[in-house]
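**Q** After the C-alpha cells below, expect a handful of questions from me.
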Amino acid sequence: MAAPTSADQLHTAHITQLLLLNLGSRNACMRALIAHPNDLNASANWLITHRNDANIDSDPFAQTAATTTATTTSTTIAASTTASTTINRSSLPQPSVAQTPTQQQMIQQVMNAGYSREEALRAYTNVSTADHNEVAKLTRYLREHPKRDTGASSAYSNSSWYPYANQNKKKVARPVIDIDKIEVDKEEMCDVEQCEELQHICIMMREYKKFLQKMEDENESVDTTQMKDGTDYEAHGFYAYFVEAISGDDDDEKYTLSDVMDDFLHVLNKHDTRYGELSKVQRIVLGKDGMDGALASEALRSRILQRIRCAHNSDDDEVLEKYYFGFSSVKEISLQQLCDKMYVYLVHSYDLAVKLDVAEYEALDQQLGVRTNAELHAEKLQQRRLQQQLQNDADHDDMSTLVKEKDIACYVGHTYFANYSKLLAAKRDQTWFATAGAGGTNAQYNKFYGVVNVDAFQTRIDPKELKTKLHKQRRAEREKKRLHEAAVQKEKQALVQKELASAAAADDKKDDEKEDATTAAESKAAAAAGNETEAAKDASNTTSDATTEATSKPAVSDEAQASSQVSQPQPSPKPSPKASPQASPSKVVEHVDKKEFSFGVRYNYWPEFEDLIALNITQSQAKHGDLEAELTQNAVCKLSAFEYGVLKEKASIYLETTWCKESIEAGVNPFGIEIMAPIEKSHIMAVMVYCNYDALRNALCATYMRLSEQETDDAMIERHSHFYWLGKYLREAVECYGTEAHKSETKRFYHGMAHNTRIMQDDEIKALFVYPPLSTTSCMELALNHCSRPNNNSNNNNDDVAVAPLILEIKGFVCKYFDCAWLSDVCYEKEKVFFGGNRALTVNKCIDYTFGYDHKLFVTAMKYIPDIFRASSSEWKINKHDDMLQETKDAIRNLLFSQLNKFGDNASAAKYPDNFGENGVPRTQAQRLAQFCASTTEVRMHYDAMYNYRAYAFLSSLFMTATRTFVELSVIRELFPNVTTFSLIRVPLTTLTFMYLKSFISPPNQEEEKDDHKDGNGDDDADNNGQPLRCQIREFRLIDPKTDAMSIAQVIQAEEKSLAALQWTISSPDQVSLLLQYSDTPVAVKEPTPPPVAVVAVQDDSKTENEADKAKTEKSASVSTTTTKKVMVKRIVKRVVKKKKSQADVSDAQASQPGAAPASQTEISKPADAQ
C-alpha cells in the first residue's frame, strides 16, 4: 500500500488516539501514521523509537507537496525522486540555505516511495556513502537486492504500543539456533544377522571345533616327547593353524588375535549387554554358517568346562599339559584359553544356568498369564508408530522398540518368582559350583557370596572430620609444649634470682661484721686517751657514744632491711589452670554418623597422597621389587614361570585391542596418573590375576581383613607386603581406569550373603564403604548359583525363609568399578569389581533367595504403616514422606490388602486384590503386621494426610468414602478387629459427616436379622437392652475439626437428640474437638430449664384505703385512754406493667413445665370490685 501524501488520507481517530497517549506532537503522530497507516500499535512503537529524530516535529506533508506535483509529471521513480530534490524549500519551515539531508530524511523519502522503514534502512546501510543522498540509487538497490521472504510476519505486526513491552526492551545478542538443522546422532543398531564381527567369530569357532575333535581322535597317537623337543610343535597346534590359514599373509590386513578379541568384545558388549539378544547369537553360532552344532563328545565338553575354571588353580605344569593335549607353548595355550572362553560363553551360557532359556520362560509366561516379550515389543512399536506417524511398511526396530531378553531380575517381587527360579535349578550343575577341582570347596572359590560380613562392620569416621580432629590435636600438643617450655624458663629465672639474692645477703653480712669491728676499736681508743677529768671524760664519752649510736643504727637498719629483702626468695606465681603444662587439651567432639559403616582395611601405596584412614605402606616395605617377582616368587602363593608367561601373553593381546585403546583411559585420580592416559599392561595383568586365579585372589583379599581385633597395624602391613604390587595395580585399575556405577549399562550389581536383618534397615545401615576388593555381578542368575545351598531342593514353605540367603542389589552412584568381563576367562560371570571405598555403596534391595521378594521393601513399608493409623496433629507435616517411592506405596497398599483378606470371607470372595500370592510376604513382616492390627485398640488418622499426594493419598480410595465425607469405618473394622476408639484429625464438620456416622452406628434392621438372633448367630456386641451394635467402636473423636460449614455448638445442638436415640452422647470437652461416646444405658437429653413466669399482684387503691382506715380506727381505740396522737400515713402504690407474652412463647413454656398452669390461668385479671 502506498504511503499517504496528505493529512486527509490519515485516520483522524488514529491521530487522536496517539495524541491521547502523549507520545509526541501532532506532526510526530502524522509521521508515525505515514510509516504504519493501518497499524496503531506499530505507529506507537515508531514514535517511541524515533522520538529523538531532528525533524520529528516538522510537518511531513509540507515537504511532500512539491514531491507529489513532480510525481504527476514523471512516469518513473527516478524522475519522481529527482523532482523531490528540487522542491520549493520556501514553503518549509527550514532556512533557505541548502543543507545535506539527514539519514532520517533520506529514509523518509524512500518510505514515501512505497517501501517500509526496514527496507529503507537496509538500503541506506548497504549502499556507499556517496550514494546516501540519492533516493534513486537507494530504491535501485532495493529493486536489485530484494529481501528474501522467510515466511515470518512483520516485526510490528503483533507488537504492542506499550513502551515497556517485551519487544521494546533491549535485545540481547544470542546465537540463532535452527532446531531443524540440528542433527542428533542416533545409535544405529547392529543387525545380528548381518554382523561381520559375529561372522568372524563363527569362523573361529568352526575351526576350533575341528581342532578339538582332531586332538581328541589323535591324542593317543601324538608323541608328546617329540612335541616338547620342538620339532613338530607348531605343526600340531591351533596357533600354527591360525597363523597359516586364518590370519593371512598381508601384514597390513593381517587378522591378529587382538582382532579376534575385538570381534568377540563387540558381540559381548553390543549384542548381549546392550541389545540383550544372546539367544540369537547362539543360534547363529551353532548354525550351519558357524559350528554346525556344539561338540558332540561329552568328554571334550567336560574337559573345556573343567580347564577353563580349574586350570589356573594348579601350579603344576604337567597338569596344564594334560588339560591342553600335551602342549606347553605359551602362545598355543594362550590361544586355546581364549577360544575356550568364547566357546563356553557362546554355547554353554544357558547350560550353566547363567541365563534363563528363552523358550522355557516364554512358555511359562503364557502359562501364568505374564506379558511376553512379543507383546512388549508390539506395544513399543505401536507407541513409536503413534509418535512418529509411521506406516506399517516403514516399521523397523531401533533402540526405542528394543526389548531385551528377560532375566531372573525381571521377576523380583513377582508372585511367580519361585517358578522361574526352578528353571535355573533344573539346569544348575550342583557339583560344578560345589567343587571346583580336586578338593575344592564352594567357600574357597565363591567370590560372589559371603565377602560382606555385617558382624565385621565398623562405624566409619569421615576423613574430613578426622583431619579436623588431628589438626586440633596437633595444635593442642603445640600449645602444651609451649606452655611447658615457658614454665621451665620461669623456673630457671626464679633459681637464678634466688642465687643472686643469696650472694647479696652474704656480702651484706661481711660488711656488717667489718663495721662492727671498726666501731669497737674506736671505742677502746677513746677510753684510753682521756685522763683529764672523770666527769668530763664520762660526759665526753657519753656524748660520743650517744652520737655514735645515733648515726650508726639507722644505716645498719636500712642495710639489714635491704639485705633481708634480697636474701628472701620471691615465691613464683602459680600458673593458671589454662597455662598448666599438665592440663589436658579440650575434648574434641566427634560427629559420627552411626549409619555409615566401613569394612576391612585400606592401604595407601602413594607417599605423596594423604590418606588418614589407610595404613601407609611404601615400596621399600614390599617383599619383591616388581609384579613379576611378586607373582612368581611369592612365599604365600605364587604362579609358575610358565603360567606367568601365559598371563603376560594374553595381557599383550588384550592391550592391543581397539576396545582397550579407545574405551579404557584414565580419569580424574589422586595417584599421579595423567588424565586420558592409556591403561598399562601391569594393570591388565593385575585384573586378570584377580579374576582368573582364585588362590591368589583369596590370599590377596585376606590381607585386607584383620585376623583378630588384637592384630596391630604393623602386622597387617607385614602380611600385605607380600602382595604390594598386585594390590597397588588393582587399586589403580579400579579407581583410575574404572567407570562410575551410574554410567553402567545395567546399573545393577549383585552379591550374596547370609540372612541378616541389619542389612535390611536403612535406620541401621545407610551407607557402606568397602575397602577390600568386592566382586559383584550384573547377572543375578549367577548370584543365585553362588548362593545355592545343599537344601536347595527343599519344599517352598515359610519355615525355610528365615534362613534363606540374601542377594544384595547394590548401587554405587559415583563409586567406580572395573568391568572384568572382557579380561576374565569366565566372561559369563559379568564380574564388576569395587575397590578402595572412597565412595559409598548403598544396598538397594535385599532379595530373598527362595521367593524373590525384597526384604528391604517390606521393612520400609512396615515403617510407614503405623504412622498412617497413629497420626499426630502436632508433628504431622505435608512433606514428611516426600521420599516415599512408588514401589513403597504399592507395597503398603498390597500389605493392607493381604491383611484385609484375612477377615471373614474376603479372600474367597476376592473382595481385595491379592498381588503377593501365597509366599509373597516375608513371614516376619506378615506376623508383625498381624500383631499390629490385632493389638491396636485406638486408630488415629489425619484427614488432610489422606488426600495429600506427598503423604497417603494413594490410600484414599481404600480408606475414604467416595464423597470425601469420612473414613470408611467398615474397612477400619475389618483391618483392626479390636478397635474401640477412632479419632480423625481436621475432618470438615458437615451434615453428611454425621449422617454417615449415624448410618454406621445405628443398629441393623432387626426384621432382616431376626432369624440370626434366634439361632444365636447375631452380633456379639450388644447393649444391655439387647440392641446389636455394628462394631466395637465405642468412641469417636473429631480432633480440631474444620468448622467452615458448621460450628461445634451448632453440631451439638443439631445432633444431640438424634444421637441420644441411638444411645450415643456428643460433647466438646475442650471446646475445640468433638467427642462421641456410646452409653450402656439409654441417654436422656435434658432440656434447658426456662426462667420462671413472674406473677405480680396488682394493688387496688380502694382496698388499700379501707384497710388503712380500719387499722387507724383500731389503733385509736387502743390508745384513746392515754393520749391522742395524730398519725399521718403515707400511701405508696406500686404499679408493675407486665408485657403480654406471645402465644408461641406461652406454648414453649407449657411444654417445658408439665405442671404449670395454662397460659390463660397465668394472666391475672383485675377483681370485679376494682372494675
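Scheme for the C-alpha cells: letters A, B, ... for chains in order shown; per-chain residue numbers from 1; ligand numbers from 1 in order shown.
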Neighbouring residues of Arg602 of chain A were defined as those with any atom within 12 Å, considering only C-alpha atoms; residues of the same chain fewer than 4 positions away were excluded. Please report them as a list in words.

**A** Ser598, Asp611, Leu612, Ile613, Ala614, Leu615, Asn616, Ile617, Cys701, Thr703, Tyr704, Met705, Arg706, Asp713, Met716, Ile717, His720, Gly727, Lys728, Arg731, Phe769, Val770, Tyr771, Pro772, Pro773, Phe835, Gly836, Gly837 and Asn838 of chain A

**Q** Could you please take those selected residues and save C-alpha atoms as a short mmCIF file (atom, residue, chain, number, x, y, z; two decimals), in the first residue's frame?

**A**
```cif
data_model
loop_
_atom_site.label_atom_id
_atom_site.label_comp_id
_atom_site.auth_asym_id
_atom_site.auth_seq_id
_atom_site.Cartn_x
_atom_site.Cartn_y
_atom_site.Cartn_z
CA SER A 598 33.26 -49.38 56.79
CA ASP A 611 45.01 -40.82 53.34
CA LEU A 612 44.23 -40.54 57.04
CA ILE A 613 42.15 -43.71 57.17
CA ALA A 614 44.52 -46.00 55.29
CA LEU A 615 47.61 -47.81 56.51
CA ASN A 616 50.63 -46.35 54.74
CA ILE A 617 52.87 -48.89 53.03
CA CYS A 701 41.86 -60.36 49.96
CA THR A 703 45.46 -59.24 53.81
CA TYR A 704 42.69 -56.62 53.85
CA MET A 705 40.95 -58.23 56.83
CA ARG A 706 42.26 -58.36 60.40
CA ASP A 713 48.77 -52.27 62.02
CA MET A 716 48.75 -56.07 58.80
CA ILE A 717 51.40 -54.26 56.76
CA HIS A 720 50.22 -57.27 52.87
CA GLY A 727 47.20 -54.55 45.39
CA LYS A 728 48.58 -51.29 44.03
CA ARG A 731 43.57 -50.31 43.03
CA PHE A 769 32.40 -48.21 52.48
CA VAL A 770 34.10 -51.43 51.39
CA TYR A 771 37.89 -51.16 51.47
CA PRO A 772 38.88 -54.67 50.20
CA PRO A 773 38.16 -55.76 46.61
CA PHE A 835 37.87 -51.42 45.40
CA GLY A 836 39.11 -48.65 47.69
CA GLY A 837 35.95 -47.49 49.44
CA ASN A 838 36.42 -43.79 48.70
#
```

**Q** Using DSSP assignments from the backbone, pull out every residue in segment 681-907 of chain A that falls under strand (DSSP E) and give it to me as a ChimeraX atom specification.

**A** /A:739-740,749-753,767-770,774-777,806-811,816-819,831-834,842-848

**Q** Would you export the selected residues with N, CA and C atoms as an mmCIF file, in the first residue's frame, please?

**A**
```
data_model
loop_
_atom_site.group_PDB
_atom_site.id
_atom_site.type_symbol
_atom_site.label_atom_id
_atom_site.label_comp_id
_atom_site.auth_asym_id
_atom_site.auth_seq_id
_atom_site.Cartn_x
_atom_site.Cartn_y
_atom_site.Cartn_z
ATOM 1 N N THR A 739 34.846 -47.224 35.830
ATOM 2 C CA THR A 739 33.660 -46.498 35.371
ATOM 3 C C THR A 739 32.772 -46.217 36.571
ATOM 4 N N GLU A 740 32.155 -45.041 36.606
ATOM 5 C CA GLU A 740 31.212 -44.733 37.676
ATOM 6 C C GLU A 740 29.971 -45.609 37.538
ATOM 7 N N PHE A 749 24.161 -54.349 40.505
ATOM 8 C CA PHE A 749 25.311 -55.118 40.963
ATOM 9 C C PHE A 749 24.836 -56.034 42.096
ATOM 10 N N TYR A 750 25.096 -57.339 41.950
ATOM 11 C CA TYR A 750 24.571 -58.330 42.881
ATOM 12 C C TYR A 750 25.721 -59.007 43.626
ATOM 13 N N HIS A 751 25.437 -59.278 44.898
ATOM 14 C CA HIS A 751 26.379 -60.025 45.735
ATOM 15 C C HIS A 751 25.574 -60.748 46.808
ATOM 16 N N GLY A 752 25.901 -62.007 47.073
ATOM 17 C CA GLY A 752 25.148 -62.816 48.024
ATOM 18 C C GLY A 752 25.740 -62.776 49.419
ATOM 19 N N MET A 753 24.880 -63.011 50.390
ATOM 20 C CA MET A 753 25.316 -63.070 51.780
ATOM 21 C C MET A 753 24.295 -63.871 52.577
ATOM 22 N N ALA A 767 24.875 -46.421 54.538
ATOM 23 C CA ALA A 767 25.920 -46.422 53.507
ATOM 24 C C ALA A 767 27.029 -47.357 53.951
ATOM 25 N N LEU A 768 27.703 -47.928 52.963
ATOM 26 C CA LEU A 768 28.737 -48.919 53.221
ATOM 27 C C LEU A 768 29.980 -48.557 52.417
ATOM 28 N N PHE A 769 31.109 -48.499 53.103
ATOM 29 C CA PHE A 769 32.400 -48.206 52.477
ATOM 30 C C PHE A 769 33.244 -49.478 52.569
ATOM 31 N N VAL A 770 33.386 -50.155 51.431
ATOM 32 C CA VAL A 770 34.097 -51.433 51.390
ATOM 33 C C VAL A 770 35.524 -51.163 50.921
ATOM 34 N N LEU A 774 35.788 -56.014 46.179
ATOM 35 C CA LEU A 774 34.460 -56.613 46.283
ATOM 36 C C LEU A 774 33.996 -57.000 44.885
ATOM 37 N N SER A 775 33.801 -58.295 44.683
ATOM 38 C CA SER A 775 33.339 -58.797 43.384
ATOM 39 C C SER A 775 31.824 -58.802 43.357
ATOM 40 N N THR A 776 31.258 -58.185 42.360
ATOM 41 C CA THR A 776 29.821 -58.198 42.127
ATOM 42 C C THR A 776 29.575 -58.647 40.689
ATOM 43 N N THR A 777 28.340 -58.957 40.391
ATOM 44 C CA THR A 777 27.971 -59.380 39.052
ATOM 45 C C THR A 777 26.686 -58.682 38.645
ATOM 46 N N LEU A 806 20.503 -64.111 51.218
ATOM 47 C CA LEU A 806 20.051 -62.867 50.610
ATOM 48 C C LEU A 806 20.935 -62.543 49.416
ATOM 49 N N ILE A 807 20.333 -61.951 48.427
ATOM 50 C CA ILE A 807 21.067 -61.419 47.288
ATOM 51 C C ILE A 807 20.953 -59.906 47.348
ATOM 52 N N LEU A 808 22.060 -59.258 47.569
ATOM 53 C CA LEU A 808 22.068 -57.801 47.704
ATOM 54 C C LEU A 808 22.151 -57.162 46.328
ATOM 55 N N GLU A 809 21.233 -56.255 46.049
ATOM 56 C CA GLU A 809 21.334 -55.409 44.854
ATOM 57 C C GLU A 809 21.944 -54.094 45.293
ATOM 58 N N ILE A 810 23.134 -53.827 44.820
ATOM 59 C CA ILE A 810 23.941 -52.701 45.302
ATOM 60 C C ILE A 810 23.913 -51.591 44.266
ATOM 61 N N LYS A 811 23.868 -50.367 44.770
ATOM 62 C CA LYS A 811 24.013 -49.176 43.938
ATOM 63 C C LYS A 811 25.260 -48.419 44.372
ATOM 64 N N LYS A 816 33.363 -45.946 41.643
ATOM 65 C CA LYS A 816 33.907 -46.531 40.433
ATOM 66 C C LYS A 816 34.059 -48.045 40.572
ATOM 67 N N TYR A 817 33.881 -48.717 39.455
ATOM 68 C CA TYR A 817 34.093 -50.154 39.370
ATOM 69 C C TYR A 817 34.864 -50.452 38.087
ATOM 70 N N PHE A 818 35.449 -51.638 38.033
ATOM 71 C CA PHE A 818 36.140 -52.063 36.815
ATOM 72 C C PHE A 818 35.407 -53.266 36.258
ATOM 73 N N ASP A 819 35.040 -53.182 34.969
ATOM 74 C CA ASP A 819 34.344 -54.267 34.305
ATOM 75 C C ASP A 819 35.363 -55.312 33.881
ATOM 76 N N GLU A 831 31.591 -60.016 35.774
ATOM 77 C CA GLU A 831 32.147 -59.560 37.060
ATOM 78 C C GLU A 831 32.467 -58.073 37.021
ATOM 79 N N LYS A 832 32.062 -57.352 38.097
ATOM 80 C CA LYS A 832 32.377 -55.939 38.307
ATOM 81 C C LYS A 832 33.028 -55.822 39.687
ATOM 82 N N VAL A 833 34.197 -55.178 39.745
ATOM 83 C CA VAL A 833 34.972 -55.108 40.979
ATOM 84 C C VAL A 833 34.961 -53.685 41.516
ATOM 85 N N PHE A 834 34.565 -53.536 42.785
ATOM 86 C CA PHE A 834 34.702 -52.282 43.526
ATOM 87 C C PHE A 834 35.898 -52.416 44.470
ATOM 88 N N THR A 842 25.415 -48.363 48.514
ATOM 89 C CA THR A 842 24.157 -48.497 49.232
ATOM 90 C C THR A 842 23.471 -49.786 48.795
ATOM 91 N N VAL A 843 22.776 -50.389 49.737
ATOM 92 C CA VAL A 843 22.027 -51.614 49.455
ATOM 93 C C VAL A 843 20.636 -51.205 49.004
ATOM 94 N N ASN A 844 20.350 -51.432 47.740
ATOM 95 C CA ASN A 844 19.063 -51.036 47.187
ATOM 96 C C ASN A 844 17.980 -52.075 47.469
ATOM 97 N N LYS A 845 18.326 -53.349 47.393
ATOM 98 C CA LYS A 845 17.366 -54.426 47.640
ATOM 99 C C LYS A 845 18.059 -55.562 48.370
ATOM 100 N N CYS A 846 17.281 -56.251 49.190
ATOM 101 C CA CYS A 846 17.710 -57.493 49.830
ATOM 102 C C CYS A 846 16.760 -58.583 49.348
ATOM 103 N N ILE A 847 17.150 -59.274 48.294
ATOM 104 C CA ILE A 847 16.259 -60.209 47.607
ATOM 105 C C ILE A 847 16.352 -61.582 48.259
ATOM 106 N N ASP A 848 15.203 -62.151 48.548
ATOM 107 C CA ASP A 848 15.161 -63.478 49.125
ATOM 108 C C ASP A 848 15.541 -64.514 48.076
#
```

**Q** Running DSSP on the backbone, which parts of segment 240-486 of chain A land in alpha helix (DSSP H), as a ChimeraX atom specification?

**A** /A:240-241,257-266,278-285,298-310,317-323,330-348,358-368,373-388,417-427,430-434,442-445,463-486

**Q** Taking 5 positions as the minimum chain separation for residues in the same chain, which residues sit within 12 Å of Pro1041 of chain A when counting only C-alpha atoms? Answer as a list in words.

**A**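 Contacts, in chain order: Ser873, His942, Tyr943, Asp944, Phe966, Ser983, Leu984, Ile985, Arg986, Val987, Pro988, Leu989, Thr990, Thr993, Met1046, Ser1047, Ile1048, Val1051, Ser1068, Gln1071, Val1072, Ser1073, Leu1074 and Leu1075 of chain A.
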
**Q** Quick one: residues within 12 Å of Ile246 of chain A, only C-alpha atoms counted, chain neighbours fewer than 2 positions away excluded, as a list of chain:residue names?

**A**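 Using only C-alpha atoms, the neighbours found are A:His200, A:Ile201, A:Ile203, A:Met204, A:Met205, A:Arg206, A:Glu207, A:Tyr208, A:Phe238, A:Tyr239, A:Ala240, A:Tyr241, A:Phe242, A:Val243, A:Glu244, A:Gly248, A:Asp249, A:Asp250, A:Glu253, A:Lys254, A:Tyr255, A:Thr256, A:Leu257, A:Asp259, A:Val260.
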
**Q** Let's have the selection written as a PDB file, in the first residue's frame, with C-alpha atoms.

**A**
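Written out: out_0.pdb:
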```pdb
ATOM      1  CA  HIS A 200      34.391 -63.767  12.108  1.00  0.00           C
ATOM      2  CA  ILE A 201      33.720 -65.399  15.462  1.00  0.00           C
ATOM      3  CA  ILE A 203      34.697 -68.929  11.556  1.00  0.00           C
ATOM      4  CA  MET A 204      36.982 -69.107  14.588  1.00  0.00           C
ATOM      5  CA  MET A 205      34.588 -71.382  16.475  1.00  0.00           C
ATOM      6  CA  ARG A 206      34.132 -73.673  13.486  1.00  0.00           C
ATOM      7  CA  GLU A 207      37.861 -74.125  13.048  1.00  0.00           C
ATOM      8  CA  TYR A 208      38.396 -74.539  16.783  1.00  0.00           C
ATOM      9  CA  PHE A 238      45.892 -74.462  16.766  1.00  0.00           C
ATOM     10  CA  TYR A 239      48.078 -71.368  16.916  1.00  0.00           C
ATOM     11  CA  ALA A 240      50.097 -72.618  13.938  1.00  0.00           C
ATOM     12  CA  TYR A 241      46.895 -73.288  12.032  1.00  0.00           C
ATOM     13  CA  PHE A 242      45.579 -69.818  12.900  1.00  0.00           C
ATOM     14  CA  VAL A 243      48.731 -68.113  11.633  1.00  0.00           C
ATOM     15  CA  GLU A 244      48.792 -70.172   8.451  1.00  0.00           C
ATOM     16  CA  GLY A 248      46.645 -64.159   6.370  1.00  0.00           C
ATOM     17  CA  ASP A 249      49.972 -63.145   4.843  1.00  0.00           C
ATOM     18  CA  ASP A 250      49.418 -59.418   4.330  1.00  0.00           C
ATOM     19  CA  GLU A 253      45.436 -56.608   6.732  1.00  0.00           C
ATOM     20  CA  LYS A 254      46.538 -59.499   8.907  1.00  0.00           C
ATOM     21  CA  TYR A 255      43.821 -60.825  11.208  1.00  0.00           C
ATOM     22  CA  THR A 256      45.536 -60.951  14.580  1.00  0.00           C
ATOM     23  CA  LEU A 257      44.442 -62.383  17.899  1.00  0.00           C
ATOM     24  CA  ASP A 259      41.298 -58.519  16.152  1.00  0.00           C
ATOM     25  CA  VAL A 260      39.658 -61.754  17.235  1.00  0.00           C
TER      26      VAL A 260
END
```

**Q** Just checking: using only C-alpha atoms, which residue out of A:Ser721, A:Gln383, A:Thr1065, A:Ser898 ends up closest to Val921 of chain A?

**A** A:Ser898

**Q** Set the distance at 12 Å and use only C-alpha atoms: which residues neighbour Ala1084 of chain A once local chain neighbours fewer than 3 positions away are removed? I'd like the list as a count of residues only.

**A** 13

**Q** Can you pull out every residue within 8 Å of Tyr124 of chain A, counting only C-alpha atoms, but drop anything in the same chain fewer than 3 positions away, and send it as number ranges by chain?

**A** A: 103, 107, 120-121, 127, 132, 138

**Q** How many Å separate atom CA of Glu662 of chain A from atom CA of His683 of chain A?

**A** 16.2 Å
